[in-house]
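Student: My file is entry.tsv. It has TSV, C-alpha atoms and all ligand atoms:
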```tsv
chain	number	residue	atom	x	y	z
J	1	MET	CA	81.13	87.73	60.89
J	2	LYS	CA	83.83	85.36	62.06
J	3	ILE	CA	85.79	85.70	65.32
J	4	VAL	CA	89.14	84.01	65.86
J	5	ILE	CA	90.34	83.93	69.48
J	6	ARG	CA	93.91	82.99	70.37
J	7	GLU	CA	96.24	83.38	73.35
J	8	SER	CA	98.72	85.88	71.92
J	9	SER	CA	99.11	88.70	69.44
J	10	GLU	CA	102.00	86.73	67.87
J	11	VAL	CA	99.68	83.87	66.86
J	12	LEU	CA	96.93	86.23	65.67
J	13	SER	CA	99.41	88.29	63.64
J	14	ALA	CA	100.81	85.15	62.00
J	15	LEU	CA	97.29	84.11	60.95
J	16	ILE	CA	96.60	87.53	59.45
J	17	ALA	CA	100.02	87.67	57.75
J	18	GLU	CA	99.19	84.31	56.15
J	19	ARG	CA	96.03	85.81	54.66
J	20	PHE	CA	97.99	88.69	53.13
J	21	ILE	CA	100.72	86.35	51.88
J	22	ASN	CA	98.19	83.99	50.25
J	23	LEU	CA	96.41	86.93	48.63
J	24	ILE	CA	99.64	88.37	47.18
J	25	LYS	CA	100.61	84.90	45.90
J	26	SER	CA	97.27	84.29	44.22
J	27	LYS	CA	96.84	87.88	42.96
J	28	PRO	CA	100.21	89.65	42.58
J	29	ASN	CA	98.51	92.91	41.56
J	30	CYS	CA	96.17	92.89	44.55
J	31	VAL	CA	95.08	96.00	46.44
J	32	LEU	CA	95.78	96.18	50.17
J	33	GLY	CA	94.09	98.43	52.72
J	34	LEU	CA	96.64	99.21	55.41
J	35	ALA	CA	96.63	100.60	58.93
J	36	THR	CA	99.21	102.10	61.29
J	37	GLY	CA	99.36	101.99	65.10
J	38	SER	CA	100.70	99.14	67.18
J	39	SER	CA	98.12	96.48	66.18
J	40	PRO	CA	99.37	95.61	62.65
J	41	ILE	CA	103.13	95.77	63.32
J	42	LYS	CA	103.67	92.03	63.91
J	43	THR	CA	101.53	91.21	60.88
J	44	TYR	CA	103.78	93.44	58.77
J	45	GLN	CA	106.82	91.63	60.21
J	46	GLY	CA	105.36	88.27	59.09
J	47	ILE	CA	104.72	89.65	55.61
J	48	ILE	CA	108.29	91.04	55.41
J	49	LYS	CA	109.67	87.62	56.35
J	50	ALA	CA	107.73	85.98	53.50
J	51	TYR	CA	109.17	88.58	51.11
J	52	GLN	CA	112.71	88.00	52.39
J	53	GLU	CA	112.27	84.27	51.92
J	54	GLY	CA	111.29	84.87	48.28
J	55	GLU	CA	107.67	83.78	48.69
J	56	ILE	CA	106.07	87.03	47.49
J	57	SER	CA	106.80	90.24	45.63
J	58	PHE	CA	105.17	93.65	46.13
J	59	SER	CA	106.22	94.93	42.72
J	60	ASN	CA	102.62	94.99	41.44
J	61	VAL	CA	100.80	95.50	44.74
J	62	HIS	CA	98.79	98.69	45.33
J	63	SER	CA	97.98	99.98	48.80
J	64	TYR	CA	95.63	102.49	50.39
J	65	ASN	CA	96.32	103.56	53.96
J	66	LEU	CA	93.42	104.37	56.19
J	67	ASP	CA	94.55	107.72	57.46
J	68	GLU	CA	97.18	110.40	57.92
J	69	TYR	CA	97.69	113.08	60.54
J	70	LEU	CA	97.38	116.76	59.69
J	71	ASN	CA	100.12	119.12	60.92
J	72	PHE	CA	102.38	116.42	62.30
J	73	PRO	CA	105.32	118.02	64.14
J	74	ARG	CA	108.12	116.00	62.50
J	75	GLU	CA	108.28	114.04	59.24
J	76	SER	CA	108.93	110.92	61.33
J	77	ASP	CA	105.50	111.35	62.99
J	78	SER	CA	103.63	110.92	59.71
J	79	TYR	CA	101.87	107.67	58.87
J	80	ALA	CA	103.63	107.63	55.49
J	81	TYR	CA	106.90	107.45	57.44
J	82	PHE	CA	105.48	104.74	59.72
J	83	MET	CA	104.60	102.62	56.71
J	84	LYS	CA	108.09	103.00	55.22
J	85	GLU	CA	109.68	102.03	58.54
J	86	ASN	CA	107.37	99.10	59.26
J	87	LEU	CA	106.73	97.65	55.80
J	88	PHE	CA	107.51	99.42	52.55
J	89	SER	CA	111.27	99.91	52.89
J	90	HIS	CA	111.69	96.20	53.71
J	91	VAL	CA	109.92	94.92	50.59
J	92	ASP	CA	109.98	95.75	46.86
J	93	MET	CA	106.97	98.06	47.08
J	94	ASN	CA	106.84	100.76	44.40
J	95	LEU	CA	106.07	103.82	46.54
J	96	ALA	CA	104.13	105.35	43.63
J	97	ASN	CA	101.56	102.59	44.27
J	98	ALA	CA	101.29	103.37	48.01
J	99	HIS	CA	98.46	105.81	48.58
J	100	PHE	CA	97.50	108.05	51.52
J	101	PRO	CA	94.48	110.33	51.75
J	102	ASN	CA	95.18	113.91	50.70
J	103	PRO	CA	93.79	116.54	53.11
J	104	SER	CA	93.43	119.09	50.32
J	105	ASP	CA	91.01	116.82	48.38
J	106	PRO	CA	89.78	114.05	50.70
J	107	GLU	CA	86.98	112.69	48.49
J	108	ALA	CA	89.41	112.12	45.60
J	109	TYR	CA	90.49	109.09	47.66
J	110	ASP	CA	87.02	107.54	47.36
J	111	ALA	CA	87.09	108.02	43.58
J	112	LEU	CA	90.52	106.38	43.38
J	113	ILE	CA	89.45	103.44	45.57
J	114	LYS	CA	86.28	103.00	43.51
J	115	GLN	CA	88.48	102.34	40.45
J	116	ASP	CA	90.99	100.23	42.37
J	117	PRO	CA	88.96	98.43	45.06
J	118	VAL	CA	90.69	97.10	48.15
J	119	ASP	CA	90.90	93.29	48.24
J	120	LEU	CA	91.91	92.95	51.89
J	121	GLN	CA	91.76	95.65	54.55
J	122	ILE	CA	93.49	95.38	57.92
J	123	LEU	CA	92.06	97.40	60.81
J	124	GLY	CA	92.93	98.11	64.41
J	125	ILE	CA	90.28	99.54	66.73
J	126	GLY	CA	90.44	102.48	69.12
J	127	ALA	CA	89.42	102.14	72.76
J	128	ASP	CA	86.42	104.33	71.81
J	129	GLY	CA	85.47	102.04	68.90
J	130	HIS	CA	87.02	104.14	66.13
J	131	ILE	CA	88.28	102.53	62.92
J	132	GLY	CA	90.55	104.66	60.78
J	133	PHE	CA	90.02	107.95	62.55
J	134	ASN	CA	86.24	107.72	62.39
J	135	GLU	CA	85.45	108.76	65.92
J	136	PRO	CA	82.14	108.00	67.72
J	137	GLY	CA	79.22	109.79	66.07
J	138	THR	CA	80.72	109.69	62.55
J	139	SER	CA	78.04	108.93	59.96
J	140	PHE	CA	78.03	105.41	58.57
J	141	ASP	CA	77.68	107.14	55.16
J	142	SER	CA	80.92	109.11	55.59
J	143	LYS	CA	83.47	109.28	52.80
J	144	THR	CA	87.13	110.23	53.21
J	145	HIS	CA	87.19	113.41	55.31
J	146	ILE	CA	89.12	115.58	57.75
J	147	THR	CA	88.27	115.00	61.40
J	148	PRO	CA	89.29	116.28	64.82
J	149	LEU	CA	90.62	113.53	67.10
J	150	THR	CA	88.90	112.92	70.42
J	151	GLU	CA	90.67	113.51	73.72
J	152	GLN	CA	90.73	109.74	74.26
J	153	THR	CA	92.51	109.14	70.93
J	154	ILE	CA	95.00	111.96	71.57
J	155	LYS	CA	95.77	110.40	74.98
J	156	ASP	CA	96.06	106.90	73.47
J	157	ASN	CA	98.44	108.11	70.75
J	158	ALA	CA	100.61	110.19	73.10
J	159	ARG	CA	102.80	107.11	73.58
J	160	PHE	CA	104.21	107.68	70.09
J	161	PHE	CA	105.24	111.32	70.82
J	162	PRO	CA	107.69	113.02	73.23
J	163	SER	CA	104.77	114.84	74.91
J	164	ILE	CA	100.98	114.89	74.65
J	165	ASP	CA	100.92	118.46	73.31
J	166	MET	CA	102.85	117.25	70.24
J	167	VAL	CA	100.08	114.80	69.25
J	168	PRO	CA	98.28	116.15	66.16
J	169	THR	CA	94.65	117.04	66.87
J	170	LYS	CA	93.31	116.43	63.36
J	171	ALA	CA	93.60	113.73	60.73
J	172	VAL	CA	92.31	112.83	57.28
J	173	THR	CA	90.68	109.41	57.24
J	174	MET	CA	88.90	107.02	54.92
J	175	GLY	CA	85.22	107.31	55.82
J	176	LEU	CA	83.18	104.43	57.19
J	177	SER	CA	81.44	103.86	53.85
J	178	THR	CA	84.89	103.87	52.18
J	179	ILE	CA	86.24	101.20	54.54
J	180	LEU	CA	83.17	99.06	54.02
J	181	LYS	CA	83.86	98.82	50.27
J	182	ALA	CA	86.85	96.51	50.88
J	183	LYS	CA	86.11	92.98	49.66
J	184	SER	CA	87.46	91.36	52.85
J	185	ILE	CA	88.25	92.96	56.20
J	186	VAL	CA	90.34	91.72	59.13
J	187	LEU	CA	90.44	93.53	62.47
J	188	ILE	CA	92.98	92.78	65.18
J	189	ALA	CA	92.42	93.78	68.81
J	190	THR	CA	94.51	92.75	71.77
J	191	GLY	CA	94.61	93.68	75.44
J	192	ALA	CA	92.14	94.69	78.10
J	193	GLY	CA	91.87	98.25	76.75
J	194	LYS	CA	89.87	96.99	73.75
J	195	VAL	CA	87.19	94.98	75.65
J	196	GLU	CA	84.54	97.70	75.67
J	197	ALA	CA	85.09	98.59	72.01
J	198	ILE	CA	84.74	94.93	70.98
J	199	ASN	CA	81.61	94.49	73.11
J	200	ALA	CA	80.04	97.62	71.60
J	201	LEU	CA	80.98	96.53	68.07
J	202	LEU	CA	79.14	93.23	68.61
J	203	THR	CA	76.07	94.69	70.32
J	204	LYS	CA	74.35	96.42	67.42
J	205	GLU	CA	74.95	98.74	64.47
J	206	ASP	CA	75.15	102.15	66.09
J	207	GLU	CA	77.06	105.27	65.09
J	208	THR	CA	78.22	105.70	68.70
J	209	CYS	CA	80.52	102.73	67.95
J	210	PRO	CA	81.95	103.35	64.46
J	211	ALA	CA	83.37	99.81	64.24
J	212	SER	CA	79.85	98.38	64.53
J	213	ILE	CA	79.38	99.21	60.84
J	214	LEU	CA	81.39	96.02	60.26
J	215	LEU	CA	78.26	94.02	61.23
J	216	ARG	CA	76.92	95.04	57.78
J	217	HIS	CA	79.78	93.49	55.83
J	218	ASN	CA	79.66	89.87	54.67
J	219	ASP	CA	83.39	89.09	54.93
J	220	VAL	CA	84.82	90.36	58.21
J	221	THR	CA	87.03	88.42	60.64
J	222	LEU	CA	87.92	89.76	64.08
J	223	TYR	CA	91.22	88.42	65.46
J	224	LEU	CA	91.13	88.80	69.25
J	225	ASP	CA	93.39	87.75	72.07
J	226	LYS	CA	91.82	86.33	75.23
J	227	GLU	CA	92.02	89.69	77.01
J	228	ALA	CA	90.18	91.64	74.32
J	229	ALA	CA	87.67	88.75	74.00
J	230	LYS	CA	87.25	88.44	77.78
J	231	ASP	CA	83.45	88.90	77.73
J	232	ILE	CA	82.76	86.58	74.78
J	233	LEU	CA	85.00	83.62	75.57
J	234	ASN	CA	82.05	81.29	76.16
J	235	LYS	CA	79.28	83.23	74.48
J	236	ASP	CA	77.27	82.41	71.36
J	237	ILE	CA	76.34	85.40	69.25
J	238	PRO	CA	73.74	85.07	66.46
J	239	GLY	CA	75.36	85.52	63.03
J	240	VAL	CA	78.89	85.00	64.39
J	241	THR	CA	81.05	81.92	63.73
J	242	PHE	CA	83.71	81.34	66.38
J	243	ASP	CA	87.14	79.76	66.04
J	244	ARG	CA	88.45	79.55	69.63
B	1	LIG	C1	95.62	103.62	62.39
B	1	LIG	C2	94.18	103.66	62.64
B	1	LIG	C3	93.62	103.57	64.02
B	1	LIG	C4	94.24	102.47	64.87
B	1	LIG	C5	93.60	102.44	66.25
B	1	LIG	C6	94.24	101.39	67.15
B	1	LIG	O1	95.88	103.74	61.01
B	1	LIG	O2	93.47	103.80	61.72
B	1	LIG	O3	92.23	103.34	63.90
B	1	LIG	O4	94.07	101.23	64.24
B	1	LIG	O5	93.75	103.69	66.85
B	1	LIG	O6	95.54	101.75	67.42
B	1	LIG	P1	96.56	100.73	68.08
B	1	LIG	O7	96.76	99.63	67.10
B	1	LIG	O8	97.85	101.50	68.27
B	1	LIG	O9	95.95	100.26	69.36
```
Would you mind writing the file's structure down as structure tokens?
Tutor:
Amino acid sequence: MKIVIRESSEVLSALIAERFINLIKSKPNCVLGLATGSSPIKTYQGIIKAYQEGEISFSNVHSYNLDEYLNFPRESDSYAYFMKENLFSHVDMNLANAHFPNPSDPEAYDALIKQDPVDLQILGIGADGHIGFNEPGTSFDSKTHITPLTEQTIKDNARFFPSIDMVPTKAVTMGLSTILKAKSIVLIATGAGKVEAINALLTKEDETCPASILLRHNDVTLYLDKEAAKDILNKDIPGVTFDR
């Protein structure tokens, strides 16, 4: 595992955007694993800029989003809508190539991804260590599935809704074993609210911290700001290469 530590989310997002841009340039029909939430937004803005400047085209890119809410109150609350607003409608993405897990047949997503493996997956991390919507206690062997959201996640996501009782309580998510199939994975975490999740991720593989499954993968980079990396600023961790 590699850990990149920088002062601001702007710098981290630019570094991640560069990875996506380079991938799309070198492999125009690449497969992207995408996330929603606040963490990837600035990365998507960097990618959009490269498109607008004529550096890259999405016309042959495929994408697989991590998750989607069930029973979202308004169309604009769906993650498919989020992706249109924050990326797809600003680039020449063919929406037929943009995939989301289907709650009526979750495991079909694993079959699809097996045939069309993700080259580069971007992840955020929940304060409780979730990735996708794999909440603490989810099996490391999990495939795409429907899951209830924890109280913590519902509270964290309330900022995107008019009131907390409008936050969906269930989602369909890529499983942990599904996420781990991506060839390369980048995770971005910023702010003091992510310190405990990052510390738990780095402690040991344990299903109480779903993100700790990333310790098993041979091509993962964590992009952390100084707040999220507060406890590891001067630490050496066996098996981890630092860029700080
Ligand atoms: C979103 C997702 C979630 C978020 C996580 C962090 O598709 O899968 O795991 O990445 O909840 O959310 P933010 O980035 O809003 O802090």
Student: To one decimal place, how far is CA of Pro40 (chain J) from CA of Pro238 (chain J) in Å?
Tutor: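 Value for the CA of Pro40 (chain J)-CA of Pro238 (chain J) distance: 28.0 Å.
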Student: Can you pull out the residues contacting Gly175 (chain J)? Cut-off 6 Å, using only C-alpha atoms, and skip same-chain residues under 6 positions away; I want them as a list in words.
Tutor: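 Close residues of Gly175 (chain J): Ser142, Lys143 and Thr144 of chain J.
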Student: Mind writing the picked residues with C-alpha atoms as a PDB file, keeping the file's coordinate frame?
Tutor:
```pdb
ATOM      1  CA  SER J 142      80.920 109.110  55.590  1.00  0.00           C
ATOM      2  CA  LYS J 143      83.470 109.280  52.800  1.00  0.00           C
ATOM      3  CA  THR J 144      87.130 110.230  53.210  1.00  0.00           C
TER       4      THR J 144
END
```
Student: Would you kindly return, as a list in words, each protein, DNA or RNA residue with an atom no farther than 8 Å from any atom of Ile48 (chain J), considering all atoms listed in the file and excluding same-chain residues fewer than 4 positions away?
Tutor: Tyr44, Gln52, Leu87, His90 and Val91 of chain J
Student: How about saving the chosen residues, C-alpha atoms kept, as a PDB file, in the coordinates of the input?
Tutor:
```pdb
ATOM      1  CA  TYR J  44     103.780  93.440  58.770  1.00  0.00           C
ATOM      2  CA  GLN J  52     112.710  88.000  52.390  1.00  0.00           C
ATOM      3  CA  LEU J  87     106.730  97.650  55.800  1.00  0.00           C
ATOM      4  CA  HIS J  90     111.690  96.200  53.710  1.00  0.00           C
ATOM      5  CA  VAL J  91     109.920  94.920  50.590  1.00  0.00           C
TER       6      VAL J  91
END
```
Student: Between CA of Ala192 (chain J) and CA of Val167 (chain J), what is the distance in Å, rounded to a tenth?
Tutor: 23.4 Å
Student: Considering all atoms listed in the file, give me a table of residues in chain J that are at most 7 Å from ligand LIG 1 (chain B), with the closest atom pair and distance in Å for each, as a tab-separated table.
Tutor:
```
residue	atom	partner	partner_atom	distance
J:Ala35	CA	B:LIG1	O1	3.8
J:Thr36	CA	B:LIG1	O1	3.7
J:Gly37	CA	B:LIG1	O8	3.5
J:Ser38	CA	B:LIG1	O8	3.9
J:Ser39	CA	B:LIG1	O7	3.6
J:Pro40	CA	B:LIG1	O7	6.5
J:Leu66	CA	B:LIG1	O1	5.4
J:Asp67	CA	B:LIG1	O1	5.5
J:Leu123	CA	B:LIG1	O4	5.5
J:Gly124	CA	B:LIG1	O4	3.3
J:Ile125	CA	B:LIG1	C6	4.4
J:Gly126	CA	B:LIG1	O5	4.2
J:His130	CA	B:LIG1	O3	5.7
J:Ile131	CA	B:LIG1	O3	4.1
J:Gly132	CA	B:LIG1	O2	3.2
J:Phe133	CA	B:LIG1	O3	5.3
J:Thr153	CA	B:LIG1	O5	6.9
```
Student: With distances taken over only C-alpha atoms, which residue among J:Ile41, J:Gly33, J:Gly54, J:Asp128 lies nearest Ala14 (chain J)?
Tutor: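 The closest residue to Ala14 (chain J) is J:Ile41.
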Student: What is the CA of Ala50 (chain J) to CA of Ile21 (chain J) distance in Å?
Tutor: 7.2 Å
Student: Could you tell me which of J:Glu196, J:Asp231, J:Val172, J:Leu201 comes closest to Leu215 (chain J) if we count all atoms listed in the file?
Tutor: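 Closest candidate: J:Leu201.
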Student: Return the single residue from J:Phe72, J:Phe20, J:Tyr223, J:Phe140 that is closest to Glu55 (chain J), with distances computed using all atoms listed in the file.
Tutor: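 Checking each candidate against Glu55 (chain J), we get J:Phe20 as the closest.
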Student: Could you check the closest approach to Leu32 (chain J) for each of J:Leu149, J:Ile47, J:Val186, J:Ile122 and tell me which residue wins, using all atoms listed in the file?
Tutor: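 Checking each candidate against Leu32 (chain J), we get J:Ile122 as the closest.
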Student: So which one's closest to Asp206 (chain J), J:Gly129, J:Ile164, J:Gln121, J:Thr173? Using only C-alpha atoms, please.
Tutor: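 Selected residue with least distance to Asp206 (chain J): J:Gly129.
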Student: Find, counting all atoms listed in the file, the residue in J:Ala229, J:Ala127, J:Ile3, J:His145 that gets nearest to Ile185 (chain J).
Tutor: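 When distances to Ile185 (chain J) are compared using all atoms listed in the file, the smallest one comes from J:Ile3.
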Student: Regenerate region 87-98 of chain J at the level of all heavy atoms and dump it as a PDB file, keeping the file's coordinate frame.
Tutor:
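Final file, out_28.pdb:
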```pdb
ATOM      1  N   LEU J  87     107.034  98.594  56.895  1.00  0.00           N
ATOM      2  CA  LEU J  87     106.730  97.650  55.800  1.00  0.00           C
ATOM      3  C   LEU J  87     107.447  98.008  54.494  1.00  0.00           C
ATOM      4  O   LEU J  87     108.283  97.237  54.028  1.00  0.00           O
ATOM      5  CB  LEU J  87     105.210  97.582  55.574  1.00  0.00           C
ATOM      6  CG  LEU J  87     104.748  96.607  54.489  1.00  0.00           C
ATOM      7  CD1 LEU J  87     105.152  95.171  54.808  1.00  0.00           C
ATOM      8  CD2 LEU J  87     103.225  96.672  54.278  1.00  0.00           C
ATOM      9  N   PHE J  88     107.132  99.173  53.943  1.00  0.00           N
ATOM     10  CA  PHE J  88     107.510  99.420  52.550  1.00  0.00           C
ATOM     11  C   PHE J  88     109.012  99.350  52.279  1.00  0.00           C
ATOM     12  O   PHE J  88     109.435  98.835  51.246  1.00  0.00           O
ATOM     13  CB  PHE J  88     106.976 100.771  52.065  1.00  0.00           C
ATOM     14  CG  PHE J  88     105.472 100.884  52.078  1.00  0.00           C
ATOM     15  CD1 PHE J  88     104.852 102.116  52.285  1.00  0.00           C
ATOM     16  CD2 PHE J  88     104.666  99.770  51.878  1.00  0.00           C
ATOM     17  CE1 PHE J  88     103.476 102.231  52.288  1.00  0.00           C
ATOM     18  CE2 PHE J  88     103.280  99.879  51.883  1.00  0.00           C
ATOM     19  CZ  PHE J  88     102.687 101.118  52.089  1.00  0.00           C
ATOM     20  N   SER J  89     109.833  99.877  53.203  1.00  0.00           N
ATOM     21  CA  SER J  89     111.270  99.910  52.890  1.00  0.00           C
ATOM     22  C   SER J  89     111.912  98.532  53.058  1.00  0.00           C
ATOM     23  O   SER J  89     113.077  98.352  52.719  1.00  0.00           O
ATOM     24  CB  SER J  89     111.991 100.952  53.741  1.00  0.00           C
ATOM     25  OG  SER J  89     111.944 100.552  55.079  1.00  0.00           O
ATOM     26  N   HIS J  90     111.147  97.554  53.550  1.00  0.00           N
ATOM     27  CA  HIS J  90     111.690  96.200  53.710  1.00  0.00           C
ATOM     28  C   HIS J  90     111.252  95.262  52.598  1.00  0.00           C
ATOM     29  O   HIS J  90     111.632  94.087  52.591  1.00  0.00           O
ATOM     30  CB  HIS J  90     111.226  95.613  55.058  1.00  0.00           C
ATOM     31  CG  HIS J  90     111.576  96.497  56.217  1.00  0.00           C
ATOM     32  ND1 HIS J  90     112.843  96.531  56.755  1.00  0.00           N
ATOM     33  CD2 HIS J  90     110.842  97.400  56.906  1.00  0.00           C
ATOM     34  CE1 HIS J  90     112.870  97.409  57.747  1.00  0.00           C
ATOM     35  NE2 HIS J  90     111.666  97.950  57.851  1.00  0.00           N
ATOM     36  N   VAL J  91     110.402  95.757  51.691  1.00  0.00           N
ATOM     37  CA  VAL J  91     109.920  94.920  50.590  1.00  0.00           C
ATOM     38  C   VAL J  91     110.094  95.708  49.276  1.00  0.00           C
ATOM     39  O   VAL J  91     110.497  96.876  49.311  1.00  0.00           O
ATOM     40  CB  VAL J  91     108.422  94.523  50.796  1.00  0.00           C
ATOM     41  CG1 VAL J  91     108.255  93.683  52.051  1.00  0.00           C
ATOM     42  CG2 VAL J  91     107.510  95.750  50.837  1.00  0.00           C
ATOM     43  N   ASP J  92     109.770  95.059  48.135  1.00  0.00           N
ATOM     44  CA  ASP J  92     109.980  95.750  46.860  1.00  0.00           C
ATOM     45  C   ASP J  92     108.748  96.530  46.422  1.00  0.00           C
ATOM     46  O   ASP J  92     108.362  96.494  45.260  1.00  0.00           O
ATOM     47  CB  ASP J  92     110.434  94.741  45.786  1.00  0.00           C
ATOM     48  CG  ASP J  92     109.411  93.632  45.562  1.00  0.00           C
ATOM     49  OD1 ASP J  92     108.525  93.434  46.433  1.00  0.00           O
ATOM     50  OD2 ASP J  92     109.491  92.939  44.524  1.00  0.00           O
ATOM     51  N   MET J  93     108.155  97.248  47.381  1.00  0.00           N
ATOM     52  CA  MET J  93     106.970  98.060  47.080  1.00  0.00           C
ATOM     53  C   MET J  93     107.379  99.270  46.240  1.00  0.00           C
ATOM     54  O   MET J  93     108.355  99.959  46.579  1.00  0.00           O
ATOM     55  CB  MET J  93     106.368  98.548  48.407  1.00  0.00           C
ATOM     56  CG  MET J  93     105.115  99.368  48.267  1.00  0.00           C
ATOM     57  SD  MET J  93     103.700  98.283  48.051  1.00  0.00           S
ATOM     58  CE  MET J  93     102.406  99.479  47.720  1.00  0.00           C
ATOM     59  N   ASN J  94     106.638  99.537  45.170  1.00  0.00           N
ATOM     60  CA  ASN J  94     106.840 100.760  44.400  1.00  0.00           C
ATOM     61  C   ASN J  94     106.046 101.858  45.121  1.00  0.00           C
ATOM     62  O   ASN J  94     104.817 101.819  45.153  1.00  0.00           O
ATOM     63  CB  ASN J  94     106.316 100.521  42.981  1.00  0.00           C
ATOM     64  CG  ASN J  94     106.380 101.765  42.140  1.00  0.00           C
ATOM     65  OD1 ASN J  94     106.718 102.853  42.631  1.00  0.00           O
ATOM     66  ND2 ASN J  94     106.063 101.616  40.867  1.00  0.00           N
ATOM     67  N   LEU J  95     106.759 102.824  45.697  1.00  0.00           N
ATOM     68  CA  LEU J  95     106.070 103.820  46.540  1.00  0.00           C
ATOM     69  C   LEU J  95     105.026 104.640  45.766  1.00  0.00           C
ATOM     70  O   LEU J  95     104.122 105.202  46.376  1.00  0.00           O
ATOM     71  CB  LEU J  95     107.078 104.734  47.229  1.00  0.00           C
ATOM     72  CG  LEU J  95     107.900 104.061  48.341  1.00  0.00           C
ATOM     73  CD1 LEU J  95     108.798 105.072  49.033  1.00  0.00           C
ATOM     74  CD2 LEU J  95     107.012 103.360  49.375  1.00  0.00           C
ATOM     75  N   ALA J  96     105.143 104.645  44.426  1.00  0.00           N
ATOM     76  CA  ALA J  96     104.130 105.350  43.630  1.00  0.00           C
ATOM     77  C   ALA J  96     102.781 104.633  43.734  1.00  0.00           C
ATOM     78  O   ALA J  96     101.726 105.225  43.473  1.00  0.00           O
ATOM     79  CB  ALA J  96     104.565 105.424  42.180  1.00  0.00           C
ATOM     80  N   ASN J  97     102.802 103.362  44.123  1.00  0.00           N
ATOM     81  CA  ASN J  97     101.560 102.590  44.270  1.00  0.00           C
ATOM     82  C   ASN J  97     101.022 102.592  45.707  1.00  0.00           C
ATOM     83  O   ASN J  97     100.048 101.905  46.007  1.00  0.00           O
ATOM     84  CB  ASN J  97     101.780 101.142  43.827  1.00  0.00           C
ATOM     85  CG  ASN J  97     102.032 101.036  42.346  1.00  0.00           C
ATOM     86  OD1 ASN J  97     101.579 101.882  41.586  1.00  0.00           O
ATOM     87  ND2 ASN J  97     102.767 100.011  41.935  1.00  0.00           N
ATOM     88  N   ALA J  98     101.707 103.312  46.598  1.00  0.00           N
ATOM     89  CA  ALA J  98     101.290 103.370  48.010  1.00  0.00           C
ATOM     90  C   ALA J  98     100.567 104.688  48.256  1.00  0.00           C
ATOM     91  O   ALA J  98     101.168 105.760  48.173  1.00  0.00           O
ATOM     92  CB  ALA J  98     102.517 103.265  48.918  1.00  0.00           C
TER      93      ALA J  98
END
```
